[in-house]
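Asker: Encoded as structure tokens, here's the structure I'll be asking about.
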There are 2 protein chains.
Amino acid sequence: MSFVLSLRKAWEGSQSMLCVGLDPDPAKIPASLGEPDDPDTVLRFCRGIVDATAPFACTFKPQIAYFAAARAEGQLEALIHHVHRAHPGIPVVLDGKRGDIGATAERYAIEAFERYQADAVTVNPYMGFDSIEPWLAGRDRGVFLLCRTSNPGGSDLQALDVGGERLFERVARLAAGHWNTNGQLGLVVGATFPEELARVRALVGEMPLLVPGIGAQGGDIDATVAAGAGRATPGMLVNSSRAILYASKGPDWAEAAARVARETRDALRRAAAR
Amino acid sequence: MSFVLSLRKAWEGSQSMLCVGLDPDPAKIPASLGEPDDPDTVLRFCRGIVDATAPFACTFKPQIAYFAAARAEGQLEALIHHVHRAHPGIPVVLDGKRGDIGATAERYAIEAFERYQADAVTVNPYMGFDSIEPWLAGRDRGVFLLCRTSNPGGSDLQALDVGGERLFERVARLAAGHWNTNGQLGLVVGATFPEELARVRALVGEMPLLVPGIGAQGGDIDATVAAGAGRATPGMLVNSSRAILYASKGPDWAEAAARVARETRDALRRAAAR
């Protein structure tokens, strides 16, 4: 099954656009779970978040940096395996923003798709199409290219004018055009710039957009959905990490995460119904 | 000691511009070393390459994708530890081309600088300055930003005109300007485009350039050195990976790697003396 089809099924099954980001920060993991630097604490926390929020999520997005800094690669494998087994039908987007060429890109694809069994990845487009192509060998996997990121410095290069359009618009057009050899591409577009999200949506049709920047980063849900939703599909994975993961540091951390995930899903639903 | 000073000492001590890239491809590791998918085989091979080529190298550059695909993170830690202990004065550039923001970038910096004890890293600039800043906290470490990469697709974005200059020239100017808050930045510029390498050198003064693309990728050594060398310093880490690592698949693999490394160092020296 193609990744886009998996994603459509996930949207339908969950009736949700919420992507729960798994960024386990040792400084914020509830102390009751154990030593924050212990890789097994990281796994315990993330499994708890996954099980508590799965009813409200269309996808999970582990951010590999948090696992790598904690020497928790084995735990990341176990976590993704757990999602696939306990919550089938919820795809996992492994957020690593890799970008390299040839044999090296093939190794990264093995890391993400074979070792971690991710359903999709994030990839940085700066090195061009031959840095993207090796990720497209597994036809059932998805690739979200960085397009317009939600951080202030995102404008440093992405907003530069390149022949009458901005660099991120060029990336969007390439991704919707000849780079998308088999319909596996999506784009990462931040929620903090709704006009630019709308511009990308206009350029790419129904292409899936992974949208960080709501919640702790301040993006407005109504404006984000109005700007970024598809016509035939929800079209977006709207990511929230910190606001859900660290809703409470007390013994109710899992219940609090579930509550914020449900509220966020509901706010996204209401926005889509407007 | 600042990374730039470490590098100057390494250039002086080695009288070499050669950076030996450590890209352990399981399909190419000599069979006599053991099961190619065994992480300890990867370590055995890389240690052998390091010990054989250290007399001819100013730096080593492990490419993290090869270790990650092989579940060899522990072996990568051991390898870098070995370089520091057995070959002091040869800095290690960890090639991961990461790029992310805020707390995530801090995690990547912990991965590279604390876990792996790398002396420098490669970073992708697409997300802008606030994706680079977290790497600059450890004042003794270096950061090589991707500028002009040696692959054909490198032109897709990097060669686009942005207000009268190409995108990679903008990256070079930013890196030599206000992004370089503490003199820790270098740039990655491929050897396959000598005119562009010369253009970057003209923009950045003595900034260290990490230059892949000679050897298997076909870049010309004389043209590369003429285009990219500094005035006061050698200025370049000229990387060769495959041509050295896989010089022989027979029992003489280490001797063959040493021979090609010495020949490459000598060719770089001759080019610099012209």
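A note on labels: chains of the structure tokens are A, B, ... as shown, every chain counts residues from 1, and ligands are counted from 1 in their shown order.
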Among range 18-134 of chain A, which residues carry a DSSP assignment of strand (DSSP E or B), reported as a list in words?

Answerer: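 Selection result, strand (DSSP E or B) within range 18-134 of chain A: Leu18, Cys19, Val20, Gly21, Leu22, Thr59, Phe60, Lys61, Pro62, Gln63, Val92, Val93, Leu94, Asp95, Gly96, Lys97, Arg98, Ala120, Val121, Thr122 and Val123 of chain A.
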
Asker: What does chain B look like once superposed on chain A, all Cα atoms paired in sequence order, least squares? Give it as a PDB file with C-alpha atoms, in the first residue's frame.

Answerer:
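Everything below was put into part-v5.pdb:
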ATOM      1  CA  MET B   1      -0.013   0.001  -0.008  1.00  0.00           C
ATOM      2  CA  SER B   2       1.384   3.413  -0.921  1.00  0.00           C
ATOM      3  CA  PHE B   3       2.171   5.835   1.879  1.00  0.00           C
ATOM      4  CA  VAL B   4      -0.428   8.296   0.606  1.00  0.00           C
ATOM      5  CA  LEU B   5      -3.083   5.576   0.757  1.00  0.00           C
ATOM      6  CA  SER B   6      -1.941   4.578   4.273  1.00  0.00           C
ATOM      7  CA  LEU B   7      -2.280   8.190   5.252  1.00  0.00           C
ATOM      8  CA  ARG B   8      -5.777   8.502   3.776  1.00  0.00           C
ATOM      9  CA  LYS B   9      -6.819   5.448   5.741  1.00  0.00           C
ATOM     10  CA  ALA B  10      -5.273   6.955   8.879  1.00  0.00           C
ATOM     11  CA  TRP B  11      -7.152  10.220   8.368  1.00  0.00           C
ATOM     12  CA  GLU B  12     -10.402   8.325   7.825  1.00  0.00           C
ATOM     13  CA  GLY B  13      -9.881   5.911  10.695  1.00  0.00           C
ATOM     14  CA  SER B  14      -8.885   8.574  13.227  1.00  0.00           C
ATOM     15  CA  GLN B  15     -10.998  11.448  11.924  1.00  0.00           C
ATOM     16  CA  SER B  16      -8.004  13.464  13.049  1.00  0.00           C
ATOM     17  CA  MET B  17      -5.283  15.637  11.538  1.00  0.00           C
ATOM     18  CA  LEU B  18      -3.207  15.511  14.701  1.00  0.00           C
ATOM     19  CA  CYS B  19       0.367  14.230  14.465  1.00  0.00           C
ATOM     20  CA  VAL B  20       1.819  13.631  17.923  1.00  0.00           C
ATOM     21  CA  GLY B  21       5.512  14.560  17.955  1.00  0.00           C
ATOM     22  CA  LEU B  22       7.690  12.406  20.192  1.00  0.00           C
ATOM     23  CA  ASP B  23      10.545  14.651  21.374  1.00  0.00           C
ATOM     24  CA  PRO B  24      11.530  13.135  24.726  1.00  0.00           C
ATOM     25  CA  ASP B  25      13.528  15.886  26.431  1.00  0.00           C
ATOM     26  CA  PRO B  26      15.281  14.471  29.546  1.00  0.00           C
ATOM     27  CA  ALA B  27      14.838  17.790  31.351  1.00  0.00           C
ATOM     28  CA  LYS B  28      11.064  17.485  31.017  1.00  0.00           C
ATOM     29  CA  ILE B  29      10.289  13.796  31.431  1.00  0.00           C
ATOM     30  CA  PRO B  30       8.263  13.252  34.633  1.00  0.00           C
ATOM     31  CA  ALA B  31      10.632  12.267  37.428  1.00  0.00           C
ATOM     32  CA  SER B  32       8.374   9.390  38.488  1.00  0.00           C
ATOM     33  CA  LEU B  33       9.418   7.477  35.346  1.00  0.00           C
ATOM     34  CA  GLY B  34      13.026   7.000  36.418  1.00  0.00           C
ATOM     35  CA  GLU B  35      16.445   8.455  35.687  1.00  0.00           C
ATOM     36  CA  PRO B  36      15.834  10.896  32.792  1.00  0.00           C
ATOM     37  CA  ASP B  37      19.110   9.913  31.086  1.00  0.00           C
ATOM     38  CA  ASP B  38      18.288   6.208  31.120  1.00  0.00           C
ATOM     39  CA  PRO B  39      17.267   5.062  27.608  1.00  0.00           C
ATOM     40  CA  ASP B  40      14.595   2.852  29.141  1.00  0.00           C
ATOM     41  CA  THR B  41      13.035   5.868  30.837  1.00  0.00           C
ATOM     42  CA  VAL B  42      12.801   7.488  27.408  1.00  0.00           C
ATOM     43  CA  LEU B  43      11.059   4.400  26.048  1.00  0.00           C
ATOM     44  CA  ARG B  44       8.699   4.139  29.032  1.00  0.00           C
ATOM     45  CA  PHE B  45       7.699   7.785  28.630  1.00  0.00           C
ATOM     46  CA  CYS B  46       7.179   7.601  24.869  1.00  0.00           C
ATOM     47  CA  ARG B  47       5.196   4.350  25.055  1.00  0.00           C
ATOM     48  CA  GLY B  48       2.969   5.922  27.665  1.00  0.00           C
ATOM     49  CA  ILE B  49       2.417   8.988  25.465  1.00  0.00           C
ATOM     50  CA  VAL B  50       1.711   6.821  22.428  1.00  0.00           C
ATOM     51  CA  ASP B  51      -0.830   4.653  24.229  1.00  0.00           C
ATOM     52  CA  ALA B  52      -2.532   7.662  25.825  1.00  0.00           C
ATOM     53  CA  THR B  53      -2.792   9.727  22.636  1.00  0.00           C
ATOM     54  CA  ALA B  54      -3.302   7.072  19.933  1.00  0.00           C
ATOM     55  CA  PRO B  55      -7.125   7.495  19.963  1.00  0.00           C
ATOM     56  CA  PHE B  56      -6.673  11.116  18.882  1.00  0.00           C
ATOM     57  CA  ALA B  57      -3.775  10.901  16.414  1.00  0.00           C
ATOM     58  CA  CYS B  58      -3.467  10.167  12.704  1.00  0.00           C
ATOM     59  CA  THR B  59       0.343   9.788  12.911  1.00  0.00           C
ATOM     60  CA  PHE B  60       3.254   9.749  15.338  1.00  0.00           C
ATOM     61  CA  LYS B  61       6.483  11.602  14.642  1.00  0.00           C
ATOM     62  CA  PRO B  62       9.510  10.601  16.722  1.00  0.00           C
ATOM     63  CA  GLN B  63      12.370  13.098  16.440  1.00  0.00           C
ATOM     64  CA  ILE B  64      15.534  11.016  16.210  1.00  0.00           C
ATOM     65  CA  ALA B  65      17.870  13.595  17.807  1.00  0.00           C
ATOM     66  CA  TYR B  66      16.334  13.018  21.231  1.00  0.00           C
ATOM     67  CA  PHE B  67      16.920   9.279  21.008  1.00  0.00           C
ATOM     68  CA  ALA B  68      20.443   9.636  19.597  1.00  0.00           C
ATOM     69  CA  ALA B  69      21.532  12.052  22.332  1.00  0.00           C
ATOM     70  CA  ALA B  70      20.288   9.534  24.923  1.00  0.00           C
ATOM     71  CA  ARG B  71      21.949   6.483  23.288  1.00  0.00           C
ATOM     72  CA  ALA B  72      18.396   5.190  22.860  1.00  0.00           C
ATOM     73  CA  GLU B  73      18.501   3.811  19.315  1.00  0.00           C
ATOM     74  CA  GLY B  74      17.395   0.377  20.493  1.00  0.00           C
ATOM     75  CA  GLN B  75      14.542   2.003  22.391  1.00  0.00           C
ATOM     76  CA  LEU B  76      13.502   3.938  19.278  1.00  0.00           C
ATOM     77  CA  GLU B  77      13.337   0.645  17.376  1.00  0.00           C
ATOM     78  CA  ALA B  78      11.195  -0.813  20.172  1.00  0.00           C
ATOM     79  CA  LEU B  79       8.951   2.258  20.253  1.00  0.00           C
ATOM     80  CA  ILE B  80       8.172   2.181  16.534  1.00  0.00           C
ATOM     81  CA  HIS B  81       7.633  -1.570  16.720  1.00  0.00           C
ATOM     82  CA  HIS B  82       5.191  -0.926  19.546  1.00  0.00           C
ATOM     83  CA  VAL B  83       3.231   1.646  17.507  1.00  0.00           C
ATOM     84  CA  HIS B  84       2.933  -0.775  14.596  1.00  0.00           C
ATOM     85  CA  ARG B  85       1.829  -3.664  16.811  1.00  0.00           C
ATOM     86  CA  ALA B  86      -0.397  -1.906  19.348  1.00  0.00           C
ATOM     87  CA  HIS B  87      -1.823   0.794  17.072  1.00  0.00           C
ATOM     88  CA  PRO B  88      -1.935  -0.595  13.537  1.00  0.00           C
ATOM     89  CA  GLY B  89      -3.046   1.907  10.945  1.00  0.00           C
ATOM     90  CA  ILE B  90      -1.199   4.835  12.555  1.00  0.00           C
ATOM     91  CA  PRO B  91       1.850   5.586  10.370  1.00  0.00           C
ATOM     92  CA  VAL B  92       5.148   6.676  11.904  1.00  0.00           C
ATOM     93  CA  VAL B  93       7.052   9.607  10.399  1.00  0.00           C
ATOM     94  CA  LEU B  94      10.680   9.483  11.501  1.00  0.00           C
ATOM     95  CA  ASP B  95      11.893  13.069  11.774  1.00  0.00           C
ATOM     96  CA  GLY B  96      15.623  13.140  11.031  1.00  0.00           C
ATOM     97  CA  LYS B  97      15.844  15.781   8.274  1.00  0.00           C
ATOM     98  CA  ARG B  98      18.677  13.835   6.684  1.00  0.00           C
ATOM     99  CA  GLY B  99      20.112  14.863   3.345  1.00  0.00           C
ATOM    100  CA  ASP B 100      23.017  13.259   1.524  1.00  0.00           C
ATOM    101  CA  ILE B 101      23.814  11.596  -1.786  1.00  0.00           C
ATOM    102  CA  GLY B 102      24.338   8.258  -3.457  1.00  0.00           C
ATOM    103  CA  ALA B 103      25.556   5.413  -1.289  1.00  0.00           C
ATOM    104  CA  THR B 104      25.269   7.560   1.857  1.00  0.00           C
ATOM    105  CA  ALA B 105      21.618   8.392   1.223  1.00  0.00           C
ATOM    106  CA  GLU B 106      20.996   4.682   0.660  1.00  0.00           C
ATOM    107  CA  ARG B 107      22.468   3.993   4.104  1.00  0.00           C
ATOM    108  CA  TYR B 108      20.188   6.597   5.660  1.00  0.00           C
ATOM    109  CA  ALA B 109      17.205   4.996   3.922  1.00  0.00           C
ATOM    110  CA  ILE B 110      18.241   1.628   5.368  1.00  0.00           C
ATOM    111  CA  GLU B 111      18.498   3.236   8.803  1.00  0.00           C
ATOM    112  CA  ALA B 112      15.014   4.760   8.599  1.00  0.00           C
ATOM    113  CA  PHE B 113      13.023   2.186   6.650  1.00  0.00           C
ATOM    114  CA  GLU B 114      14.667  -1.151   7.496  1.00  0.00           C
ATOM    115  CA  ARG B 115      16.197  -0.627  10.909  1.00  0.00           C
ATOM    116  CA  TYR B 116      13.499   1.609  12.362  1.00  0.00           C
ATOM    117  CA  GLN B 117      10.623   0.492  10.092  1.00  0.00           C
ATOM    118  CA  ALA B 118       9.428   4.076   9.682  1.00  0.00           C
ATOM    119  CA  ASP B 119       6.581   4.632   7.251  1.00  0.00           C
ATOM    120  CA  ALA B 120       7.876   8.033   6.207  1.00  0.00           C
ATOM    121  CA  VAL B 121      10.786  10.390   6.859  1.00  0.00           C
ATOM    122  CA  THR B 122      11.657  14.055   6.713  1.00  0.00           C
ATOM    123  CA  VAL B 123      14.464  15.017   4.294  1.00  0.00           C
ATOM    124  CA  ASN B 124      16.354  18.262   3.662  1.00  0.00           C
ATOM    125  CA  PRO B 125      16.279  19.283  -0.038  1.00  0.00           C
ATOM    126  CA  TYR B 126      19.396  21.541  -0.111  1.00  0.00           C
ATOM    127  CA  MET B 127      21.499  18.947  -1.981  1.00  0.00           C
ATOM    128  CA  GLY B 128      18.927  18.534  -4.759  1.00  0.00           C
ATOM    129  CA  PHE B 129      17.095  15.704  -6.439  1.00  0.00           C
ATOM    130  CA  ASP B 130      19.852  13.113  -6.373  1.00  0.00           C
ATOM    131  CA  SER B 131      19.826  13.417  -2.577  1.00  0.00           C
ATOM    132  CA  ILE B 132      16.088  12.618  -2.545  1.00  0.00           C
ATOM    133  CA  GLU B 133      15.894   9.832  -5.129  1.00  0.00           C
ATOM    134  CA  PRO B 134      17.495   7.098  -2.945  1.00  0.00           C
ATOM    135  CA  TRP B 135      14.674   7.549  -0.417  1.00  0.00           C
ATOM    136  CA  LEU B 136      12.072   6.712  -3.057  1.00  0.00           C
ATOM    137  CA  ALA B 137      13.160   3.100  -3.683  1.00  0.00           C
ATOM    138  CA  GLY B 138      10.624   1.643  -1.214  1.00  0.00           C
ATOM    139  CA  ARG B 139       7.382   2.507  -2.974  1.00  0.00           C
ATOM    140  CA  ASP B 140       5.275   2.111   0.170  1.00  0.00           C
ATOM    141  CA  ARG B 141       7.200   4.772   2.109  1.00  0.00           C
ATOM    142  CA  GLY B 142       6.746   8.545   2.182  1.00  0.00           C
ATOM    143  CA  VAL B 143       9.228  11.409   2.129  1.00  0.00           C
ATOM    144  CA  PHE B 144       8.433  14.868   3.518  1.00  0.00           C
ATOM    145  CA  LEU B 145      10.838  17.463   2.158  1.00  0.00           C
ATOM    146  CA  LEU B 146      11.591  20.549   4.210  1.00  0.00           C
ATOM    147  CA  CYS B 147       9.965  23.430   2.362  1.00  0.00           C
ATOM    148  CA  ARG B 148       9.074  26.331   4.679  1.00  0.00           C
ATOM    149  CA  THR B 149      10.128  25.819   8.278  1.00  0.00           C
ATOM    150  CA  SER B 150       8.433  27.422  11.243  1.00  0.00           C
ATOM    151  CA  ASN B 151      11.533  28.967  12.897  1.00  0.00           C
ATOM    152  CA  PRO B 152      12.483  32.651  12.567  1.00  0.00           C
ATOM    153  CA  GLY B 153      15.723  31.788  10.731  1.00  0.00           C
ATOM    154  CA  GLY B 154      13.700  29.790   8.207  1.00  0.00           C
ATOM    155  CA  SER B 155      13.490  32.994   6.191  1.00  0.00           C
ATOM    156  CA  ASP B 156      17.277  33.356   5.889  1.00  0.00           C
ATOM    157  CA  LEU B 157      17.384  31.160   2.785  1.00  0.00           C
ATOM    158  CA  GLN B 158      13.853  29.867   2.198  1.00  0.00           C
ATOM    159  CA  ALA B 159      12.324  33.313   1.613  1.00  0.00           C
ATOM    160  CA  LEU B 160      14.981  34.462  -0.874  1.00  0.00           C
ATOM    161  CA  ASP B 161      13.663  35.455  -4.278  1.00  0.00           C
ATOM    162  CA  VAL B 162      14.713  33.031  -7.012  1.00  0.00           C
ATOM    163  CA  GLY B 163      13.505  34.243 -10.384  1.00  0.00           C
ATOM    164  CA  GLY B 164      10.206  35.727  -9.224  1.00  0.00           C
ATOM    165  CA  GLU B 165       9.311  33.187  -6.582  1.00  0.00           C
ATOM    166  CA  ARG B 166      10.679  32.380  -3.152  1.00  0.00           C
ATOM    167  CA  LEU B 167      13.034  29.456  -2.625  1.00  0.00           C
ATOM    168  CA  PHE B 168      10.408  27.492  -0.663  1.00  0.00           C
ATOM    169  CA  GLU B 169       7.960  27.954  -3.544  1.00  0.00           C
ATOM    170  CA  ARG B 170      10.564  26.543  -5.913  1.00  0.00           C
ATOM    171  CA  VAL B 171      10.985  23.542  -3.614  1.00  0.00           C
ATOM    172  CA  ALA B 172       7.197  23.096  -3.550  1.00  0.00           C
ATOM    173  CA  ARG B 173       6.964  23.227  -7.354  1.00  0.00           C
ATOM    174  CA  LEU B 174       9.829  20.765  -7.796  1.00  0.00           C
ATOM    175  CA  ALA B 175       8.266  18.433  -5.225  1.00  0.00           C
ATOM    176  CA  ALA B 176       4.906  18.571  -6.982  1.00  0.00           C
ATOM    177  CA  GLY B 177       6.598  18.223 -10.374  1.00  0.00           C
ATOM    178  CA  HIS B 178       9.358  16.030 -11.730  1.00  0.00           C
ATOM    179  CA  TRP B 179      10.898  15.229  -8.330  1.00  0.00           C
ATOM    180  CA  ASN B 180       7.727  13.335  -7.380  1.00  0.00           C
ATOM    181  CA  THR B 181       8.476  10.319  -9.549  1.00  0.00           C
ATOM    182  CA  ASN B 182       6.053   7.979  -7.813  1.00  0.00           C
ATOM    183  CA  GLY B 183       3.709  10.109  -5.714  1.00  0.00           C
ATOM    184  CA  GLN B 184       5.662   9.538  -2.497  1.00  0.00           C
ATOM    185  CA  LEU B 185       6.554  13.130  -1.616  1.00  0.00           C
ATOM    186  CA  GLY B 186       5.047  15.449   0.941  1.00  0.00           C
ATOM    187  CA  LEU B 187       6.293  18.772   2.319  1.00  0.00           C
ATOM    188  CA  VAL B 188       7.097  20.248   5.716  1.00  0.00           C
ATOM    189  CA  VAL B 189       5.488  23.691   5.997  1.00  0.00           C
ATOM    190  CA  GLY B 190       5.330  25.572   9.289  1.00  0.00           C
ATOM    191  CA  ALA B 191       2.075  26.778  10.807  1.00  0.00           C
ATOM    192  CA  THR B 192       3.597  30.101  11.797  1.00  0.00           C
ATOM    193  CA  PHE B 193       3.146  31.559   8.301  1.00  0.00           C
ATOM    194  CA  PRO B 194      -0.458  30.795   7.207  1.00  0.00           C
ATOM    195  CA  GLU B 195      -0.283  32.868   3.999  1.00  0.00           C
ATOM    196  CA  GLU B 196       2.759  30.895   2.935  1.00  0.00           C
ATOM    197  CA  LEU B 197       1.088  27.622   3.858  1.00  0.00           C
ATOM    198  CA  ALA B 198      -1.845  28.638   1.623  1.00  0.00           C
ATOM    199  CA  ARG B 199       0.583  29.480  -1.168  1.00  0.00           C
ATOM    200  CA  VAL B 200       2.218  26.037  -0.899  1.00  0.00           C
ATOM    201  CA  ARG B 201      -1.181  24.329  -0.873  1.00  0.00           C
ATOM    202  CA  ALA B 202      -2.111  26.185  -4.048  1.00  0.00           C
ATOM    203  CA  LEU B 203       1.081  24.950  -5.710  1.00  0.00           C
ATOM    204  CA  VAL B 204       0.902  21.266  -4.738  1.00  0.00           C
ATOM    205  CA  GLY B 205      -2.738  20.120  -4.987  1.00  0.00           C
ATOM    206  CA  GLU B 206      -3.538  17.305  -2.555  1.00  0.00           C
ATOM    207  CA  MET B 207       0.077  16.574  -1.560  1.00  0.00           C
ATOM    208  CA  PRO B 208       0.326  15.747   2.176  1.00  0.00           C
ATOM    209  CA  LEU B 209       1.757  18.556   4.285  1.00  0.00           C
ATOM    210  CA  LEU B 210       3.450  17.969   7.617  1.00  0.00           C
ATOM    211  CA  VAL B 211       2.782  21.121   9.599  1.00  0.00           C
ATOM    212  CA  PRO B 212       4.722  21.868  12.783  1.00  0.00           C
ATOM    213  CA  GLY B 213       4.381  25.073  14.727  1.00  0.00           C
ATOM    214  CA  ILE B 214       1.051  24.949  16.527  1.00  0.00           C
ATOM    215  CA  GLY B 215       0.967  24.605  20.295  1.00  0.00           C
ATOM    216  CA  ALA B 216       4.191  25.689  21.983  1.00  0.00           C
ATOM    217  CA  GLN B 217       5.400  27.452  18.834  1.00  0.00           C
ATOM    218  CA  GLY B 218       2.296  29.645  18.689  1.00  0.00           C
ATOM    219  CA  GLY B 219       0.728  28.844  15.315  1.00  0.00           C
ATOM    220  CA  ASP B 220      -3.012  29.482  15.148  1.00  0.00           C
ATOM    221  CA  ILE B 221      -5.116  26.350  14.519  1.00  0.00           C
ATOM    222  CA  ASP B 222      -7.979  27.989  12.659  1.00  0.00           C
ATOM    223  CA  ALA B 223      -5.671  29.939  10.354  1.00  0.00           C
ATOM    224  CA  THR B 224      -3.532  26.856   9.783  1.00  0.00           C
ATOM    225  CA  VAL B 225      -6.447  24.642   8.774  1.00  0.00           C
ATOM    226  CA  ALA B 226      -8.004  27.325   6.595  1.00  0.00           C
ATOM    227  CA  ALA B 227      -4.699  27.786   4.807  1.00  0.00           C
ATOM    228  CA  GLY B 228      -3.453  24.244   4.519  1.00  0.00           C
ATOM    229  CA  ALA B 229      -6.301  21.723   4.279  1.00  0.00           C
ATOM    230  CA  GLY B 230      -6.769  19.781   1.050  1.00  0.00           C
ATOM    231  CA  ARG B 231      -9.985  19.742  -0.958  1.00  0.00           C
ATOM    232  CA  ALA B 232     -10.459  15.995  -1.306  1.00  0.00           C
ATOM    233  CA  THR B 233      -8.519  14.971   1.814  1.00  0.00           C
ATOM    234  CA  PRO B 234      -7.608  16.544   5.161  1.00  0.00           C
ATOM    235  CA  GLY B 235      -4.219  17.012   3.507  1.00  0.00           C
ATOM    236  CA  MET B 236      -2.292  17.817   6.672  1.00  0.00           C
ATOM    237  CA  LEU B 237      -0.469  16.203   9.560  1.00  0.00           C
ATOM    238  CA  VAL B 238      -0.610  18.996  12.102  1.00  0.00           C
ATOM    239  CA  ASN B 239       2.143  18.302  14.585  1.00  0.00           C
ATOM    240  CA  SER B 240       2.123  19.079  18.259  1.00  0.00           C
ATOM    241  CA  SER B 241       4.920  17.850  20.497  1.00  0.00           C
ATOM    242  CA  ARG B 242       5.721  19.774  23.670  1.00  0.00           C
ATOM    243  CA  ALA B 243       2.188  20.959  24.451  1.00  0.00           C
ATOM    244  CA  ILE B 244       1.056  17.329  24.600  1.00  0.00           C
ATOM    245  CA  LEU B 245       4.157  15.577  25.965  1.00  0.00           C
ATOM    246  CA  TYR B 246       4.680  17.945  28.848  1.00  0.00           C
ATOM    247  CA  ALA B 247       1.065  18.827  29.654  1.00  0.00           C
ATOM    248  CA  SER B 248       1.802  17.677  33.195  1.00  0.00           C
ATOM    249  CA  LYS B 249       4.968  16.640  34.995  1.00  0.00           C
ATOM    250  CA  GLY B 250       2.931  15.057  37.762  1.00  0.00           C
ATOM    251  CA  PRO B 251       1.634  11.506  38.088  1.00  0.00           C
ATOM    252  CA  ASP B 252      -1.205  12.427  35.694  1.00  0.00           C
ATOM    253  CA  TRP B 253       1.230  13.068  32.790  1.00  0.00           C
ATOM    254  CA  ALA B 254      -0.380  10.441  30.527  1.00  0.00           C
ATOM    255  CA  GLU B 255      -3.956  11.562  31.232  1.00  0.00           C
ATOM    256  CA  ALA B 256      -2.926  15.189  30.725  1.00  0.00           C
ATOM    257  CA  ALA B 257      -1.264  14.309  27.396  1.00  0.00           C
ATOM    258  CA  ALA B 258      -4.426  12.491  26.304  1.00  0.00           C
ATOM    259  CA  ARG B 259      -6.552  15.476  27.295  1.00  0.00           C
ATOM    260  CA  VAL B 260      -4.440  17.977  25.336  1.00  0.00           C
ATOM    261  CA  ALA B 261      -4.265  15.617  22.355  1.00  0.00           C
ATOM    262  CA  ARG B 262      -8.063  15.266  22.377  1.00  0.00           C
ATOM    263  CA  GLU B 263      -8.534  19.014  22.707  1.00  0.00           C
ATOM    264  CA  THR B 264      -6.115  19.633  19.853  1.00  0.00           C
ATOM    265  CA  ARG B 265      -7.827  17.050  17.650  1.00  0.00           C
ATOM    266  CA  ASP B 266     -11.175  18.649  18.450  1.00  0.00           C
ATOM    267  CA  ALA B 267      -9.899  22.140  17.693  1.00  0.00           C
ATOM    268  CA  LEU B 268      -8.569  20.872  14.353  1.00  0.00           C
ATOM    269  CA  ARG B 269     -11.948  19.235  13.619  1.00  0.00           C
ATOM    270  CA  ARG B 270     -13.841  22.399  14.461  1.00  0.00           C
ATOM    271  CA  ALA B 271     -11.514  24.414  12.257  1.00  0.00           C
ATOM    272  CA  ALA B 272     -12.028  21.981   9.376  1.00  0.00           C
ATOM    273  CA  ALA B 273     -15.824  22.221   9.755  1.00  0.00           C
ATOM    274  CA  ARG B 274     -15.882  25.998   9.392  1.00  0.00           C
TER     275      ARG B 274
END

Asker: Could you pull out the alpha helix (DSSP H) residues of range 74-245 of chain A, going by DSSP on the backbone, and write them as a count of residues only?

Answerer: 58
